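Structure file data36.cif; described as mmCIF, C-alpha atoms.
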data_final
loop_
_atom_site.label_atom_id
_atom_site.label_comp_id
_atom_site.auth_asym_id
_atom_site.auth_seq_id
_atom_site.Cartn_x
_atom_site.Cartn_y
_atom_site.Cartn_z
CA MET A 93 53.92 -8.49 -26.49
CA SER A 94 56.06 -9.29 -23.46
CA PHE A 95 55.92 -13.09 -23.25
CA GLN A 96 57.65 -15.33 -25.76
CA THR A 97 57.45 -19.04 -25.10
CA PRO A 98 60.47 -21.12 -26.19
CA GLY A 99 58.03 -23.87 -27.13
CA LEU A 100 56.13 -26.71 -25.53
CA HIS A 101 56.99 -27.93 -22.04
CA HIS A 102 55.02 -31.20 -22.01
CA VAL A 103 51.83 -32.88 -23.14
CA THR A 104 49.66 -34.85 -20.70
CA ALA A 105 47.16 -37.56 -21.68
CA THR A 106 44.62 -39.69 -19.85
CA THR A 107 45.39 -43.31 -20.66
CA ASP A 108 44.25 -46.80 -19.68
CA GLY A 109 46.35 -49.46 -17.92
CA ASP A 110 49.47 -48.66 -15.93
CA GLN A 111 51.68 -51.48 -17.22
CA GLU A 112 50.34 -51.21 -20.77
CA ASP A 113 51.24 -47.51 -20.69
CA LEU A 114 54.81 -48.21 -19.62
CA ASP A 115 55.19 -51.04 -22.11
CA PHE A 116 54.15 -48.76 -24.98
CA PHE A 117 55.88 -45.46 -24.21
CA ALA A 118 59.05 -46.75 -22.54
CA GLY A 119 59.08 -50.13 -24.28
CA THR A 120 57.81 -49.81 -27.84
CA LEU A 121 58.61 -46.11 -28.34
CA GLY A 122 61.86 -46.36 -26.35
CA LEU A 123 61.34 -43.08 -24.48
CA SER A 124 63.05 -42.67 -21.12
CA LEU A 125 60.85 -42.94 -18.05
CA ILE A 126 62.20 -39.89 -16.26
CA LYS A 127 59.69 -39.69 -13.41
CA GLN A 128 57.22 -42.00 -11.75
CA THR A 129 55.05 -40.08 -9.34
CA VAL A 130 51.30 -39.66 -8.78
CA ASN A 131 48.65 -37.24 -9.91
CA PHE A 132 49.17 -34.37 -7.47
CA ASP A 133 45.39 -33.97 -7.24
CA ASP A 134 44.58 -37.70 -7.01
CA HIS A 135 47.27 -39.64 -5.19
CA ASP A 136 46.09 -43.16 -6.03
CA VAL A 137 46.75 -42.66 -9.75
CA TYR A 138 50.23 -42.81 -11.26
CA HIS A 139 51.70 -39.93 -13.24
CA PHE A 140 54.41 -41.13 -15.64
CA TYR A 141 56.81 -38.77 -17.42
CA TYR A 142 58.55 -39.90 -20.63
CA ALA A 143 61.21 -37.88 -22.45
CA ASP A 144 64.83 -37.79 -23.49
CA ALA A 145 67.30 -38.94 -20.82
CA ALA A 146 67.50 -35.52 -19.17
CA GLY A 147 63.80 -34.65 -19.23
CA THR A 148 64.45 -31.60 -21.38
CA PRO A 149 61.39 -29.32 -21.46
CA GLY A 150 59.82 -29.72 -24.88
CA SER A 151 60.66 -33.41 -25.13
CA VAL A 152 58.25 -34.55 -22.43
CA MET A 153 55.09 -36.68 -22.72
CA THR A 154 53.22 -37.52 -19.52
CA THR A 155 50.30 -39.82 -18.76
CA PHE A 156 47.65 -40.42 -16.12
CA PRO A 157 46.73 -44.13 -16.38
CA TYR A 158 43.10 -43.97 -15.19
CA GLY A 159 41.86 -47.26 -16.62
CA SER A 160 41.15 -48.83 -13.23
CA LYS A 161 39.00 -45.87 -12.10
CA ASP A 162 35.95 -46.40 -14.35
CA VAL A 163 36.81 -43.35 -16.46
CA ARG A 164 34.92 -43.22 -19.76
CA GLN A 165 36.57 -43.53 -23.15
CA GLY A 166 37.17 -40.09 -24.62
CA THR A 167 36.06 -38.99 -28.06
CA ASP A 168 37.69 -36.73 -30.64
CA GLY A 169 36.20 -33.38 -31.64
CA VAL A 170 36.89 -29.70 -31.22
CA GLY A 171 38.44 -28.24 -28.10
CA ILE A 172 41.09 -30.90 -27.71
CA THR A 173 44.72 -31.67 -28.49
CA SER A 174 43.91 -34.19 -31.20
CA LEU A 175 47.38 -35.48 -32.16
CA VAL A 176 50.77 -35.68 -30.43
CA VAL A 177 53.73 -35.87 -32.83
CA PHE A 178 57.14 -37.30 -31.91
CA SER A 179 60.36 -36.54 -33.76
CA ALA A 180 62.37 -39.39 -35.32
CA PRO A 181 65.50 -39.27 -37.51
CA ALA A 182 65.15 -39.03 -41.26
CA GLY A 183 65.74 -42.47 -42.73
CA SER A 184 64.31 -44.39 -39.77
CA GLN A 185 60.81 -44.97 -41.13
CA ALA A 186 61.50 -48.57 -42.20
CA PHE A 187 62.77 -49.36 -38.71
CA TRP A 188 59.65 -47.96 -37.09
CA GLU A 189 57.32 -49.71 -39.53
CA GLN A 190 58.97 -53.02 -38.65
CA ARG A 191 59.06 -52.30 -34.91
CA PHE A 192 55.37 -51.42 -34.78
CA ALA A 193 54.48 -54.52 -36.81
CA GLU A 194 56.54 -56.81 -34.56
CA ARG A 195 54.86 -55.39 -31.46
CA GLY A 196 51.32 -55.59 -32.82
CA VAL A 197 50.82 -51.84 -33.21
CA ALA A 198 48.91 -50.87 -36.34
CA SER A 199 50.57 -48.01 -38.23
CA GLU A 200 49.57 -45.99 -41.28
CA ALA A 201 51.86 -43.90 -43.45
CA GLY A 202 50.86 -40.26 -43.67
CA GLN A 203 51.98 -36.72 -42.91
CA ALA A 204 52.39 -34.78 -39.66
CA MET A 205 53.79 -31.28 -39.21
CA GLY A 206 54.71 -31.25 -42.90
CA ARG A 207 56.88 -34.36 -42.57
CA PRO A 208 56.40 -37.99 -43.60
CA ALA A 209 55.01 -39.84 -40.61
CA LEU A 210 53.57 -43.05 -39.24
CA LEU A 211 50.19 -42.62 -37.56
CA VAL A 212 49.56 -44.93 -34.58
CA GLN A 213 47.54 -45.21 -31.39
CA ASP A 214 48.66 -46.14 -27.91
CA PRO A 215 46.83 -48.99 -26.10
CA SER A 216 44.16 -46.59 -24.86
CA GLY A 217 43.40 -45.27 -28.36
CA LEU A 218 45.40 -42.03 -28.03
CA PRO A 219 46.28 -40.71 -31.54
CA LEU A 220 50.02 -40.28 -32.03
CA ALA A 221 52.43 -39.79 -34.92
CA VAL A 222 56.12 -40.47 -35.43
CA ALA A 223 57.40 -37.88 -37.90
CA PHE A 224 60.71 -38.23 -39.74
CA GLY A 225 63.12 -35.38 -40.40
CA ASP A 226 66.07 -33.31 -39.21
CA ASP A 227 66.35 -32.37 -35.56
CA ASP A 228 69.49 -31.43 -33.67
CA ARG A 229 68.35 -33.07 -30.42
CA ASP A 230 69.75 -36.32 -29.08
CA GLY A 231 67.35 -39.22 -28.99
CA ALA A 232 66.27 -41.16 -25.92
CA PRO A 233 69.08 -43.61 -25.06
CA GLY A 234 67.03 -46.81 -25.15
CA LEU A 235 67.44 -47.29 -28.93
CA ASP A 236 70.28 -46.68 -31.38
CA ALA A 237 70.90 -43.00 -32.09
CA ASP A 238 69.99 -43.30 -35.77
CA VAL A 239 66.43 -44.40 -34.95
CA ALA A 240 65.66 -43.17 -31.40
CA LEU A 241 62.87 -40.69 -30.79
CA ARG A 242 63.94 -37.23 -29.62
CA GLY A 243 60.68 -36.48 -27.78
CA VAL A 244 57.71 -34.34 -28.74
CA LEU A 245 57.92 -32.43 -32.03
CA GLY A 246 54.56 -30.69 -31.72
CA VAL A 247 50.83 -31.05 -31.26
CA GLN A 248 47.73 -30.66 -33.36
CA LEU A 249 44.76 -28.78 -31.87
CA ARG A 250 41.26 -29.23 -33.32
CA VAL A 251 39.31 -25.97 -32.98
CA ARG A 252 36.10 -24.50 -34.33
CA GLU A 253 37.74 -21.22 -35.41
CA ALA A 254 41.49 -21.24 -36.02
CA ALA A 255 42.18 -17.55 -36.67
CA PRO A 256 41.53 -16.28 -33.10
CA VAL A 257 43.68 -19.05 -31.61
CA ALA A 258 46.47 -18.31 -34.09
CA ALA A 259 46.24 -14.62 -33.19
CA PHE A 260 46.60 -15.46 -29.51
CA LEU A 261 49.59 -17.73 -30.10
CA ALA A 262 51.21 -14.92 -32.09
CA ASP A 263 50.36 -11.96 -29.85
CA GLY A 264 50.25 -13.70 -26.48
CA PHE A 265 52.97 -16.33 -26.84
CA GLY A 266 55.22 -14.76 -29.48
CA MET A 267 54.82 -17.62 -31.98
CA GLU A 268 55.13 -17.19 -35.73
CA THR A 269 51.95 -18.28 -37.51
CA THR A 270 51.40 -19.33 -41.12
CA GLN A 271 48.02 -20.05 -42.69
CA THR A 272 47.58 -23.56 -44.12
CA GLU A 273 44.89 -25.38 -46.07
CA THR A 274 43.36 -26.69 -42.84
CA GLY A 275 44.05 -23.83 -40.42
CA TYR A 276 47.38 -22.47 -39.16
CA LEU A 277 50.84 -23.68 -38.19
CA ALA A 278 52.43 -21.87 -35.23
CA LEU A 279 56.15 -22.05 -34.60
CA ALA A 280 57.79 -20.97 -31.33
CA GLN A 281 60.66 -18.53 -31.78
CA GLY A 282 62.61 -19.26 -28.60
CA GLY A 283 64.93 -21.88 -30.04
CA GLY A 284 63.80 -24.79 -27.87
CA PRO A 285 62.48 -28.24 -28.78
CA GLY A 286 58.80 -29.03 -29.23
CA GLN A 287 58.18 -25.86 -31.19
CA MET A 288 55.20 -26.68 -33.43
CA VAL A 289 51.47 -26.23 -32.88
CA GLU A 290 49.16 -27.07 -35.77
CA LEU A 291 45.63 -25.65 -35.65
CA VAL A 292 43.03 -27.63 -37.58
CA GLU A 293 39.76 -25.80 -38.11
CA ASP A 294 36.64 -27.95 -38.03
CA ALA A 295 33.53 -25.82 -37.66
CA ASP A 296 31.08 -28.71 -37.87
CA ALA A 297 32.73 -31.26 -35.57
CA PRO A 298 31.10 -32.05 -32.21
CA ASP A 299 32.76 -31.02 -28.98
CA ALA A 300 35.39 -33.47 -27.81
CA LYS A 301 34.83 -35.48 -24.64
CA ASN A 302 37.79 -35.96 -22.34
CA GLY A 303 38.46 -39.48 -21.14
CA LEU A 304 40.72 -42.43 -21.80
CA GLY A 305 42.73 -42.01 -24.98
CA THR A 306 42.61 -38.20 -25.05
CA VAL A 307 45.06 -35.43 -24.20
CA HIS A 308 44.18 -33.69 -20.94
CA HIS A 309 46.27 -30.56 -21.53
CA VAL A 310 49.18 -29.13 -23.48
CA ALA A 311 51.82 -27.17 -21.56
CA PHE A 312 53.95 -24.33 -22.90
CA ARG A 313 57.26 -23.22 -21.43
CA ALA A 314 57.96 -20.14 -19.35
CA ARG A 315 61.63 -19.71 -18.56
CA THR A 316 61.05 -18.17 -15.13
CA ASP A 317 58.44 -17.63 -12.43
CA ALA A 318 58.46 -13.93 -13.30
CA GLU A 319 57.52 -14.65 -16.92
CA ARG A 320 54.69 -16.94 -15.82
CA ASP A 321 53.40 -14.45 -13.26
CA ALA A 322 53.38 -11.60 -15.76
CA LEU A 323 51.43 -13.74 -18.21
CA HIS A 324 48.98 -14.72 -15.46
CA ASP A 325 48.31 -11.09 -14.61
CA ARG A 326 47.83 -10.11 -18.24
CA LEU A 327 45.42 -12.99 -18.88
CA ALA A 328 43.44 -12.17 -15.76
CA ALA A 329 43.27 -8.50 -16.76
CA ASP A 330 41.87 -9.61 -20.13
CA GLY A 331 39.08 -11.53 -18.42
CA VAL A 332 40.53 -15.03 -18.83
CA LYS A 333 39.76 -17.45 -16.00
CA VAL A 334 43.26 -18.55 -15.08
CA THR A 335 44.27 -20.62 -12.04
CA GLU A 336 46.60 -19.57 -9.30
CA THR A 337 50.12 -20.96 -9.54
CA LYS A 338 50.27 -24.72 -8.94
CA ASP A 339 53.49 -26.13 -7.50
CA ARG A 340 54.15 -29.42 -9.33
CA SER A 341 57.57 -29.88 -7.66
CA TYR A 342 59.48 -30.12 -10.97
CA PHE A 343 57.86 -26.97 -12.37
CA ARG A 344 55.35 -24.32 -11.30
CA SER A 345 52.45 -23.62 -13.59
CA ILE A 346 49.12 -21.98 -14.37
CA TYR A 347 46.18 -23.37 -16.36
CA PHE A 348 43.51 -21.73 -18.46
CA ARG A 349 40.90 -22.63 -21.03
CA ASP A 350 39.26 -20.00 -23.19
CA ARG A 351 36.98 -20.62 -26.16
CA GLN A 352 38.46 -17.80 -28.25
CA ARG A 353 42.11 -17.77 -27.15
CA THR A 354 42.65 -21.55 -26.87
CA GLY A 355 39.71 -22.87 -28.87
CA GLY A 356 38.53 -24.56 -25.68
CA VAL A 357 41.76 -26.57 -25.33
CA LEU A 358 43.20 -26.66 -21.82
CA PHE A 359 46.53 -24.79 -21.79
CA GLU A 360 49.16 -24.93 -19.09
CA VAL A 361 52.18 -22.63 -18.83
CA ALA A 362 55.00 -24.27 -16.84
CA THR A 363 58.41 -23.06 -15.73
CA ASP A 364 61.60 -24.75 -16.89
CA GLY A 365 62.72 -25.26 -13.30
CA PRO A 366 63.37 -26.58 -10.75
CA GLY A 367 63.68 -29.58 -13.10
CA PHE A 368 63.28 -33.35 -12.89
CA ASP A 369 66.56 -33.88 -11.04
CA LEU A 370 65.09 -32.11 -8.00
CA ASP A 371 64.63 -35.37 -6.08
CA GLU A 372 66.70 -37.90 -8.08
CA PRO A 373 70.22 -37.92 -9.52
CA ALA A 374 70.29 -36.87 -13.17
CA GLY A 375 71.63 -40.27 -14.19
CA ALA A 376 68.91 -42.22 -12.38
CA LEU A 377 65.67 -40.43 -13.21
CA GLY A 378 62.47 -42.44 -12.98
CA ARG A 379 63.92 -45.40 -11.11
CA GLU A 380 61.82 -45.01 -7.95
CA LEU A 381 58.36 -43.71 -7.03
CA ARG A 382 58.51 -40.09 -5.90
CA LEU A 383 55.55 -38.67 -4.00
CA PRO A 384 54.53 -35.01 -3.72
CA PRO A 385 55.56 -33.05 -0.64
CA GLY A 386 52.91 -33.10 2.05
CA VAL A 387 51.68 -36.67 1.53
CA GLU A 388 50.89 -37.74 5.09
CA ASP A 389 50.44 -41.50 4.77
CA VAL A 390 53.16 -42.50 2.32
CA GLU A 391 52.66 -46.24 2.84
CA ALA A 392 48.91 -45.99 2.18
CA VAL A 393 49.57 -44.20 -1.11
CA ARG A 394 52.16 -46.76 -2.14
CA ALA A 395 49.78 -49.60 -1.28
CA SER A 396 47.00 -48.07 -3.40
CA LEU A 397 49.11 -48.18 -6.56
CA PRO A 398 49.47 -51.34 -8.68
CA ASP A 399 52.84 -53.02 -9.03
CA ILE A 400 54.67 -52.11 -12.21
CA THR A 401 57.75 -53.21 -14.10
CA ILE A 402 59.82 -50.75 -16.09
CA PRO A 403 60.36 -52.33 -19.53
CA THR A 404 63.53 -52.45 -21.55
CA PRO A 405 63.12 -50.98 -25.07
#
Kindly transcribe the structure held in the file into structure tokens.
Amino acid sequence: MSFQTPGLHHVTATTDGDQEDLDFFAGTLGLSLIKQTVNFDDHDVYHFYYADAAGTPGSVMTTFPYGSKDVRQGTDGVGITSLVVFSAPAGSQAFWEQRFAERGVASEAGQAMGRPALLVQDPSGLPLAVAFGDDDRDGAPGLDADVALRGVLGVQLRVREAAPVAAFLADGFGMETTQTETGYLALAQGGGPGQMVELVEDADAPDAKNGLGTVHHVAFRARTDAERDALHDRLAADGVKVTETKDRSYFRSIYFRDRQRTGGVLFEVATDGPGFDLDEPAGALGRELRLPPGVEDVEAVRASLPDITIPTP
């Protein structure tokens, strides 16, 4: 085993309205909007990045707000990232219960990643959890430090057979796996944030349908281009259909989906660099729209996007 991921890089979901998305993730949740750009494959759709103030890999949640494009509502099932879990300080549950209530967000007490949690949905119906416990990361700066979210803690994947996916995460990604009552828990060993992947086995569930309110893909970290390239070659040699490297400006990545290795979930493996301060000062991330290199008619792209207002938490 030559590749060991330090953990998650980001999670990307397909959501509904542009402003509603910002109001929830940057407003209600208080995450930092660290990048406003567009879908690199569809330039008239925003791509928002939310994270801690620095955009640390492993803290990042991103969204494609596709609500104006007649995209269908997604449905839960196997072959999907079924829950995104954010990390909040121990002792902040009462604050979050009150905050969700005041902002009209229904919440339910439960468990996520072995921690007490509040289960919620974003405006598009995307299942999320805020889990409470120890974490040595700093929170996003929009809220007081004793309550602020630190970014993504982990994800839950719903699969038909958990054991083969757990074996791949262990052998292919260097994660430590433990069997649970519902499947497996995988923990990255690289010391970075966003370390947890929970596999929930559900042999009888229907296949998930991607659409509004569902996660499009989950991305794991590769420290360098060389690590990513070596993984690409090994996957290809094993018969996995893996993409060529995609340059996403702030990272360079590959994508693959394999029924046995990923349970049908779309995986991305993204490099830590160049980083989100590539085209903006570190202290002013997300303030302005940044378009991908090679966009020929910049004004036409800008005109195709709805006006937005960045909320204050």
>> For this structure, which residues satisfy the selection - the PyMOL selection byres ((chain A and resi 246) around 8) - when it is evaluated on the file as given? I want them as a VMD selection string.
In response: chain A and resid 100 176 to 178 205 244 to 245 247 to 248 286 to 290
>> I'd like the neighbourhood of A:Leu114 as a list in words, where a residue qualifies if any of its atoms comes within 7 Å (using all atoms listed in the file), though same-chain residues fewer than 4 positions away should be ignored.
In response: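 The contact residues come out as Asp110, Ala118, Gly119, Ile402 and Pro403 of chain A.
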>> Which residue is closest to A:Tyr276? Choose from A:Glu194, A:Val257, A:Gly99, A:Glu200 and count all atoms listed in the file.
In response: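 Using all atoms listed in the file, A:Tyr276 sits closest to A:Val257.
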>> Which residues would end up in the selection if the PyMOL selection byres ((chain A and resi 136-150) around 8) were applied here, given that I need the answer as a PyMOL selection string?
In response: chain A and resi 99-102+110+117-118+123-131+134-135+151-158+230-233+242-245+284-287+313+364+367-368+374+377+393+396-397
> If I put a ball of radius 8 Å at (31.4, -30.4, -30.2) in the file's coordinates, which residues poke into it when counting all atoms listed in the file, written as JSON, numbers by chain?
Replying inline: {"A": [169, 170, 171, 296, 297, 298, 299, 300]}
> For A:Val357, which residue out of A:Val334, A:Ala254, A:Val239, A:Ile172 is the nearest one, using all atoms listed in the file?
Replying inline: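 Counting all atoms listed in the file, the residue closest to A:Val357 is A:Ile172.
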